[in-house]
Amino acid sequence: MLIPGIIPDKEPLLRVGIILPEDKQNALSLEISDLHSTSILINNSQTVPVFGKEIEISVKKSGIELKGLKGVGAVSNLKFIQNNDSGYILAEPVIAGRGFHWAKQISVKMPYTLEINVVDNSLLLVNELPLEFYLACVATSEMSAECPEAFIEAQTIVARSWMLANVEQKHVSLGFDVCNDDCCQRYQGINNLTSQSKAGAMNTLGQVLMYGGKICDARYSKSCGGVMEKFENLWEDTPLPYMQNIPDAKEIIDIDLTKEQEMKKWVNSMPSTFCSPHYIPESQLKKYLGNVDEEGKYFRWTIKTSQQELVENINKKLKLNLKAVFSLIPMKRAGSGRMLELEIKYIDSNNNPQSVIIEKDYEVRRILHKGFLFSSAIIIEEIKSEGSDYPDEFIFKGAGWGHGAGLCQIGALGMALNGYKTDKIVYHYYPGSKLKKIY
Ligand SMILES: [Zn+2]
Ligand SMILES: [Zn+2]
């Protein structure tokens with residue numbers, strides 16, 4: 001595993017969680033591509049040859065059971081070790097889009113070592129592999145291999161920096177560095193590995209973004225919506241100087257999205273930013289984006305929700321007893337227009353008027369949608385029919401997709417398609433940072 005605060009001087013091994021205890025999965029099918037170069041280690045002690053190409057694994061009270069493995073019984077842990085990097089083990093089912101409304105089950109082909117454990121009666125599957133191999137897989141899991149070279153290289157540098165800055169450590173208690181999904185970085189094994197993404201890792205081998213002697217915590221998202229967000233508006237209060245409210249554009253755009261009127265104008269317009277259709281027509285966007293996302297518009301979009309649907313979401317997620325929502329009022333916005341405070345005025349089940357304040361981008365996105373709203377940079381229209389006491393419907397008009405801090409993937413793509421080189425792209429999204437090759 002990566003060690004916090006240590007800048008490695010050689011390529012580290014990375015542990016990626018593929019199936020997590022929260023997935024509550026207790027069965028798994030594996031298919032091994034190269035029987036001769038694969039072995040199985042049982043209970044960290046006993047090595048057995050692979051006994052078949054297809055292996056069924058299930059969690060029982062007594063431990064992990066391998067169908068077809070004779071004379072061993074249930075085991076407490078398992079390791080599949082592949083001795084060359086051209087083979088893979090296909091695992092299915094694996095969840096992609098965990099926790100989001102577009103979640104689905106896929107199969108994933110994984111290189112190197114697979115570790116299987118049981119935590120809380122559910123499977124924990126970890127893939128351990130060299131970092132650069134992982135990065136080549138991530139670059140095109142995040143976006144498609146159709147993307148230009150400068151974009152793939154920028155994405156790889158950013159992913160490597162984020163990984164090695166290793167600040168979040170969301171899964172350290174379960175013994176792995178990152179999970180396979182948007183919670184950390186999207187990794188689908190070698191499913192999307194291409195010669196372009198391998199070249200992207202090779203051409204930028206060991207290069208990271210540095211600021212003040214530290215590797216940058218280079219977070220990124222799908223689309224900023226036109227202005228990048230500041231670190232401290234989204235996460236901890238300590239600012240990171242290389243994440244600022246900067247227009248994602250060639251020229252300075254003089255706009256203050258913390259003001260409601262300016263935000264309204266902004267969302268209802270198509271400013272010429274790198275992530276806008278001016279740089280990438282939306283008809284072409286599809287071929288550059290990965291294959292798990294919902295189809296849709298990323299720069300400007302509209303979602304409608306009925307009164308009843310909204311009440312159900314809020315009651316479920318905030319454990320309240322709303323009868324009806326009177327009004328949704330943006331109280332405070334960050335520089336990209338993302339919501340820092342939203343007031344919900346409502347009537348409770350005893351017909352008393354009440355109000356609750358939702359704080360932070362993440363919470364606003366969580367509360368206003370049954371899954372997760374694309375972005376909190378929204379303006380809200382309330383549709384009320386005549387004689388009705390409350391709005392019948394709420395219309396959310398939004399800008400961007402994701403938190404909007406750091407590299408804007410669609411913007412970086414727009415830059416690369418318009419001839420910007422890798423270093424220009426990463427310096428645009430992380431101002432003041434410097435590239436450094438650490439191994
Ligand atoms: Zn994660
Ligand atoms: Zn952008």
# chains A, B, ... in the order shown; residues from 1 in each chain; ligands from 1
call {"tool": "residues_near_ligand", "arguments": {"ligand": "ligand 1", "cutoff": "8 Å", "atoms": "only C-alpha atoms and all ligand atoms", "output": "PyMOL selection string"}}
result
chain A and resi 17+170-171+178-185
call {"tool": "select_by_dssp", "arguments": {"residues": "range 189-229 of chain A", "states": "strand (DSSP E)", "output": "list in words"}}
result
Gln207, Val208, Leu209, Met210, Tyr211, Lys214, Ile215, Tyr220 and Ser221 of chain A
call {"tool": "residues_around", "arguments": {"residues": "Ile89 in chain A", "least_positions_apart": "2", "cutoff": "8 Å", "atoms": "only C-alpha atoms", "output": "VMD selection string"}}
result
chain A and resid 30 to 33 87 91 109 to 111
call {"tool": "closest_atom_pairs", "arguments": {"of": "chain A", "to": "ligand 2", "cutoff": "9 Å", "atoms": "only C-alpha atoms and all ligand atoms", "output": "JSON lines"}}
result
{"residue": "A:Ser221", "atom": "CA", "partner": "ligand 2", "partner_atom_place_in_ligand_line": "1 (Zn)", "distance": 8.8}
{"residue": "A:Lys222", "atom": "CA", "partner": "ligand 2", "partner_atom_place_in_ligand_line": "1 (Zn)", "distance": 8.0}
{"residue": "A:Ser223", "atom": "CA", "partner": "ligand 2", "partner_atom_place_in_ligand_line": "1 (Zn)", "distance": 4.9}
{"residue": "A:Cys224", "atom": "CA", "partner": "ligand 2", "partner_atom_place_in_ligand_line": "1 (Zn)", "distance": 4.0}
{"residue": "A:Gly225", "atom": "CA", "partner": "ligand 2", "partner_atom_place_in_ligand_line": "1 (Zn)", "distance": 5.2}
{"residue": "A:Gly226", "atom": "CA", "partner": "ligand 2", "partner_atom_place_in_ligand_line": "1 (Zn)", "distance": 4.7}
{"residue": "A:Val227", "atom": "CA", "partner": "ligand 2", "partner_atom_place_in_ligand_line": "1 (Zn)", "distance": 6.2}
{"residue": "A:Met228", "atom": "CA", "partner": "ligand 2", "partner_atom_place_in_ligand_line": "1 (Zn)", "distance": 6.6}
{"residue": "A:Pro247", "atom": "CA", "partner": "ligand 2", "partner_atom_place_in_ligand_line": "1 (Zn)", "distance": 7.8}
{"residue": "A:Asp248", "atom": "CA", "partner": "ligand 2", "partner_atom_place_in_ligand_line": "1 (Zn)", "distance": 5.0}
{"residue": "A:Ala249", "atom": "CA", "partner": "ligand 2", "partner_atom_place_in_ligand_line": "1 (Zn)", "distance": 7.9}
{"residue": "A:Thr273", "atom": "CA", "partner": "ligand 2", "partner_atom_place_in_ligand_line": "1 (Zn)", "distance": 6.7}
{"residue": "A:Phe274", "atom": "CA", "partner": "ligand 2", "partner_atom_place_in_ligand_line": "1 (Zn)", "distance": 5.9}
{"residue": "A:Cys275", "atom": "CA", "partner": "ligand 2", "partner_atom_place_in_ligand_line": "1 (Zn)", "distance": 4.4}
{"residue": "A:Ser276", "atom": "CA", "partner": "ligand 2", "partner_atom_place_in_ligand_line": "1 (Zn)", "distance": 7.4}
{"residue": "A:Phe299", "atom": "CA", "partner": "ligand 2", "partner_atom_place_in_ligand_line": "1 (Zn)", "distance": 8.1}
{"residue": "A:Gly400", "atom": "CA", "partner": "ligand 2", "partner_atom_place_in_ligand_line": "1 (Zn)", "distance": 7.4}
{"residue": "A:Gly404", "atom": "CA", "partner": "ligand 2", "partner_atom_place_in_ligand_line": "1 (Zn)", "distance": 7.2}
{"residue": "A:Leu407", "atom": "CA", "partner": "ligand 2", "partner_atom_place_in_ligand_line": "1 (Zn)", "distance": 7.7}
{"residue": "A:Cys408", "atom": "CA", "partner": "ligand 2", "partner_atom_place_in_ligand_line": "1 (Zn)", "distance": 4.6}
{"residue": "A:Gln409", "atom": "CA", "partner": "ligand 2", "partner_atom_place_in_ligand_line": "1 (Zn)", "distance": 7.2}
{"residue": "A:Ile410", "atom": "CA", "partner": "ligand 2", "partner_atom_place_in_ligand_line": "1 (Zn)", "distance": 6.4}
{"residue": "A:Gly411", "atom": "CA", "partner": "ligand 2", "partner_atom_place_in_ligand_line": "1 (Zn)", "distance": 4.4}
{"residue": "A:Ala412", "atom": "CA", "partner": "ligand 2", "partner_atom_place_in_ligand_line": "1 (Zn)", "distance": 7.6}
{"residue": "A:Gly414", "atom": "CA", "partner": "ligand 2", "partner_atom_place_in_ligand_line": "1 (Zn)", "distance": 8.9}
call {"tool": "residues_around", "arguments": {"residues": "Pro21 in chain A", "least_positions_apart": "3", "cutoff": "9 Å", "atoms": "only C-alpha atoms", "output": "list in words"}}
result
Lys24, Gln25, Val118, Val119, Asp120, Asn121, Ser122, Leu123, Leu124 and Leu125 of chain A
call {"tool": "write_last_selection", "arguments": {"atoms": "N, CA and C atoms", "output": "PDB file, in the first residue's frame"}}
result
ATOM      1  N   LYS A  24     -22.409  -5.985  -0.661  1.00  0.00           N
ATOM      2  CA  LYS A  24     -23.149  -7.142  -0.116  1.00  0.00           C
ATOM      3  C   LYS A  24     -23.220  -8.285  -1.124  1.00  0.00           C
ATOM      4  N   GLN A  25     -22.094  -8.579  -1.692  1.00  0.00           N
ATOM      5  CA  GLN A  25     -22.047  -9.622  -2.713  1.00  0.00           C
ATOM      6  C   GLN A  25     -21.469 -10.882  -2.083  1.00  0.00           C
ATOM      7  N   VAL A 118     -13.258 -12.186   3.188  1.00  0.00           N
ATOM      8  CA  VAL A 118     -14.640 -11.986   3.614  1.00  0.00           C
ATOM      9  C   VAL A 118     -14.664 -10.946   4.733  1.00  0.00           C
ATOM     10  N   VAL A 119     -15.489  -9.925   4.548  1.00  0.00           N
ATOM     11  CA  VAL A 119     -15.668  -8.903   5.587  1.00  0.00           C
ATOM     12  C   VAL A 119     -17.169  -8.757   5.812  1.00  0.00           C
ATOM     13  N   ASP A 120     -17.605  -8.861   7.038  1.00  0.00           N
ATOM     14  CA  ASP A 120     -19.039  -8.788   7.367  1.00  0.00           C
ATOM     15  C   ASP A 120     -19.875  -9.729   6.494  1.00  0.00           C
ATOM     16  N   ASN A 121     -19.428 -10.931   6.323  1.00  0.00           N
ATOM     17  CA  ASN A 121     -20.138 -11.946   5.521  1.00  0.00           C
ATOM     18  C   ASN A 121     -20.273 -11.608   4.046  1.00  0.00           C
ATOM     19  N   SER A 122     -19.505 -10.604   3.579  1.00  0.00           N
ATOM     20  CA  SER A 122     -19.557 -10.259   2.154  1.00  0.00           C
ATOM     21  C   SER A 122     -18.151 -10.303   1.567  1.00  0.00           C
ATOM     22  N   LEU A 123     -18.125 -10.383   0.236  1.00  0.00           N
ATOM     23  CA  LEU A 123     -16.830 -10.480  -0.447  1.00  0.00           C
ATOM     24  C   LEU A 123     -16.081  -9.161  -0.441  1.00  0.00           C
ATOM     25  N   LEU A 124     -14.774  -9.270  -0.291  1.00  0.00           N
ATOM     26  CA  LEU A 124     -13.887  -8.133  -0.548  1.00  0.00           C
ATOM     27  C   LEU A 124     -12.868  -8.637  -1.571  1.00  0.00           C
ATOM     28  N   LEU A 125     -12.921  -8.040  -2.772  1.00  0.00           N
ATOM     29  CA  LEU A 125     -11.995  -8.440  -3.835  1.00  0.00           C
ATOM     30  C   LEU A 125     -11.050  -7.283  -4.109  1.00  0.00           C
TER      31      LEU A 125
END
call {"tool": "residues_around", "arguments": {"residues": "range 302-306 of chain A", "least_positions_apart": "6", "cutoff": "8 Å", "atoms": "only C-alpha atoms", "output": "JSON, numbers by chain"}}
result
{"A": [392, 393, 394, 395, 396, 397, 398]}
call {"tool": "select_by_dssp", "arguments": {"residues": "range 105-340 of chain A", "states": "alpha helix (DSSP H)", "output": "VMD selection string"}}
result
chain A and resid 131 to 142 149 to 165 195 to 203 231 to 234 260 to 267 282 to 288 307 to 318
call {"tool": "atom_distance", "arguments": {"atom1": "CA of His369 in chain A", "atom2": "CA of Met339 in chain A"}}
result
14.5 Å
call {"tool": "residues_around", "arguments": {"residues": "Ile157 in chain A", "least_positions_apart": "4", "cutoff": "12 Å", "atoms": "only C-alpha atoms", "output": "VMD selection string"}}
result
chain A and resid 131 to 132 135 to 136 138 to 139 150 to 153 161 to 165 197 200 to 210 215 to 220 407 422 to 423 425 to 427 430 434 to 438
call {"tool": "write_last_selection", "arguments": {"atoms": "C-alpha atoms", "output": "PDB file, in the first residue's frame"}}
result
ATOM      1  CA  LEU A 131       0.841   1.917 -10.411  1.00  0.00           C
ATOM      2  CA  GLU A 132       1.725   2.719 -14.048  1.00  0.00           C
ATOM      3  CA  LEU A 135      -2.904   4.467 -14.620  1.00  0.00           C
ATOM      4  CA  ALA A 136      -2.986   3.199 -18.210  1.00  0.00           C
ATOM      5  CA  VAL A 138      -7.695   4.406 -15.574  1.00  0.00           C
ATOM      6  CA  ALA A 139      -7.034   6.914 -18.376  1.00  0.00           C
ATOM      7  CA  ALA A 150      -2.487  15.440 -24.946  1.00  0.00           C
ATOM      8  CA  PHE A 151      -5.743  14.753 -23.130  1.00  0.00           C
ATOM      9  CA  ILE A 152      -4.794  11.173 -22.238  1.00  0.00           C
ATOM     10  CA  GLU A 153      -1.402  12.357 -20.980  1.00  0.00           C
ATOM     11  CA  SER A 161      -0.674  12.958  -8.790  1.00  0.00           C
ATOM     12  CA  TRP A 162      -3.982  12.441  -7.027  1.00  0.00           C
ATOM     13  CA  MET A 163      -3.104   8.829  -6.330  1.00  0.00           C
ATOM     14  CA  LEU A 164       0.363   9.567  -4.923  1.00  0.00           C
ATOM     15  CA  ALA A 165      -0.761  12.641  -2.965  1.00  0.00           C
ATOM     16  CA  SER A 197      -3.471   4.749 -22.833  1.00  0.00           C
ATOM     17  CA  GLY A 200       0.023   7.986 -22.155  1.00  0.00           C
ATOM     18  CA  ALA A 201       1.485   6.314 -19.054  1.00  0.00           C
ATOM     19  CA  MET A 202       4.842   5.591 -20.725  1.00  0.00           C
ATOM     20  CA  ASN A 203       5.296   9.143 -22.099  1.00  0.00           C
ATOM     21  CA  THR A 204       4.623  10.668 -18.691  1.00  0.00           C
ATOM     22  CA  LEU A 205       6.238   7.933 -16.554  1.00  0.00           C
ATOM     23  CA  GLY A 206       6.654   9.101 -12.944  1.00  0.00           C
ATOM     24  CA  GLN A 207       5.556  12.689 -13.694  1.00  0.00           C
ATOM     25  CA  VAL A 208       3.475  14.405 -11.025  1.00  0.00           C
ATOM     26  CA  LEU A 209       2.232  17.917 -10.307  1.00  0.00           C
ATOM     27  CA  MET A 210       3.999  19.532  -7.359  1.00  0.00           C
ATOM     28  CA  ILE A 215       2.436  16.340  -4.697  1.00  0.00           C
ATOM     29  CA  CYS A 216      -0.801  18.091  -5.654  1.00  0.00           C
ATOM     30  CA  ASP A 217      -4.071  16.613  -4.467  1.00  0.00           C
ATOM     31  CA  ALA A 218      -5.161  16.806  -8.094  1.00  0.00           C
ATOM     32  CA  ARG A 219      -8.884  16.131  -7.906  1.00  0.00           C
ATOM     33  CA  TYR A 220     -10.881  16.368 -11.117  1.00  0.00           C
ATOM     34  CA  LEU A 407      -9.121  19.343 -14.157  1.00  0.00           C
ATOM     35  CA  THR A 422      -0.181  18.391 -22.111  1.00  0.00           C
ATOM     36  CA  ASP A 423       1.714  20.833 -19.851  1.00  0.00           C
ATOM     37  CA  ILE A 425      -3.551  21.777 -20.014  1.00  0.00           C
ATOM     38  CA  VAL A 426      -2.427  20.683 -16.529  1.00  0.00           C
ATOM     39  CA  TYR A 427      -1.080  24.159 -15.657  1.00  0.00           C
ATOM     40  CA  TYR A 430      -3.770  23.593 -11.391  1.00  0.00           C
ATOM     41  CA  LYS A 434       5.001  22.410 -11.553  1.00  0.00           C
ATOM     42  CA  LEU A 435       5.527  19.082 -13.279  1.00  0.00           C
ATOM     43  CA  LYS A 436       8.217  16.857 -11.766  1.00  0.00           C
ATOM     44  CA  LYS A 437       9.439  13.361 -12.632  1.00  0.00           C
ATOM     45  CA  ILE A 438       9.840  11.476  -9.349  1.00  0.00           C
TER      46      ILE A 438
END
call {"tool": "residues_around", "arguments": {"residues": "Asn44 in chain A", "least_positions_apart": "4", "cutoff": "8 Å", "atoms": "only C-alpha atoms", "output": "VMD selection string"}}
result
chain A and resid 77 to 79
call {"tool": "closest_residue", "arguments": {"among": "A:Gln46, A:Ser29, A:Thr238, A:Ser37", "to": "Ser58 in chain A", "atoms": "only C-alpha atoms"}}
result
A:Ser29
call {"tool": "closest_residue", "arguments": {"among": "A:Ile329, A:Leu69, A:Leu368, A:Leu340", "to": "Glu309 in chain A", "atoms": "only C-alpha atoms"}}
result
A:Leu368
call {"tool": "closest_residue", "arguments": {"among": "A:Arg333, A:Lys214, A:His101, A:Arg186", "to": "Met143 in chain A", "atoms": "only C-alpha atoms"}}
result
A:Arg186
call {"tool": "closest_residue", "arguments": {"among": "A:Ile19, A:Ile252, A:Val167, A:Met263", "to": "Ser107 in chain A", "atoms": "only C-alpha atoms"}}
result
A:Ile19
call {"tool": "atom_distance", "arguments": {"atom1": "CA of Leu66 in chain A", "atom2": "CA of Asn26 in chain A"}}
result
12.1 Å
call {"tool": "atom_distance", "arguments": {"atom1": "CA of Leu289 in chain A", "atom2": "CA of Leu413 in chain A"}}
result
10.0 Å
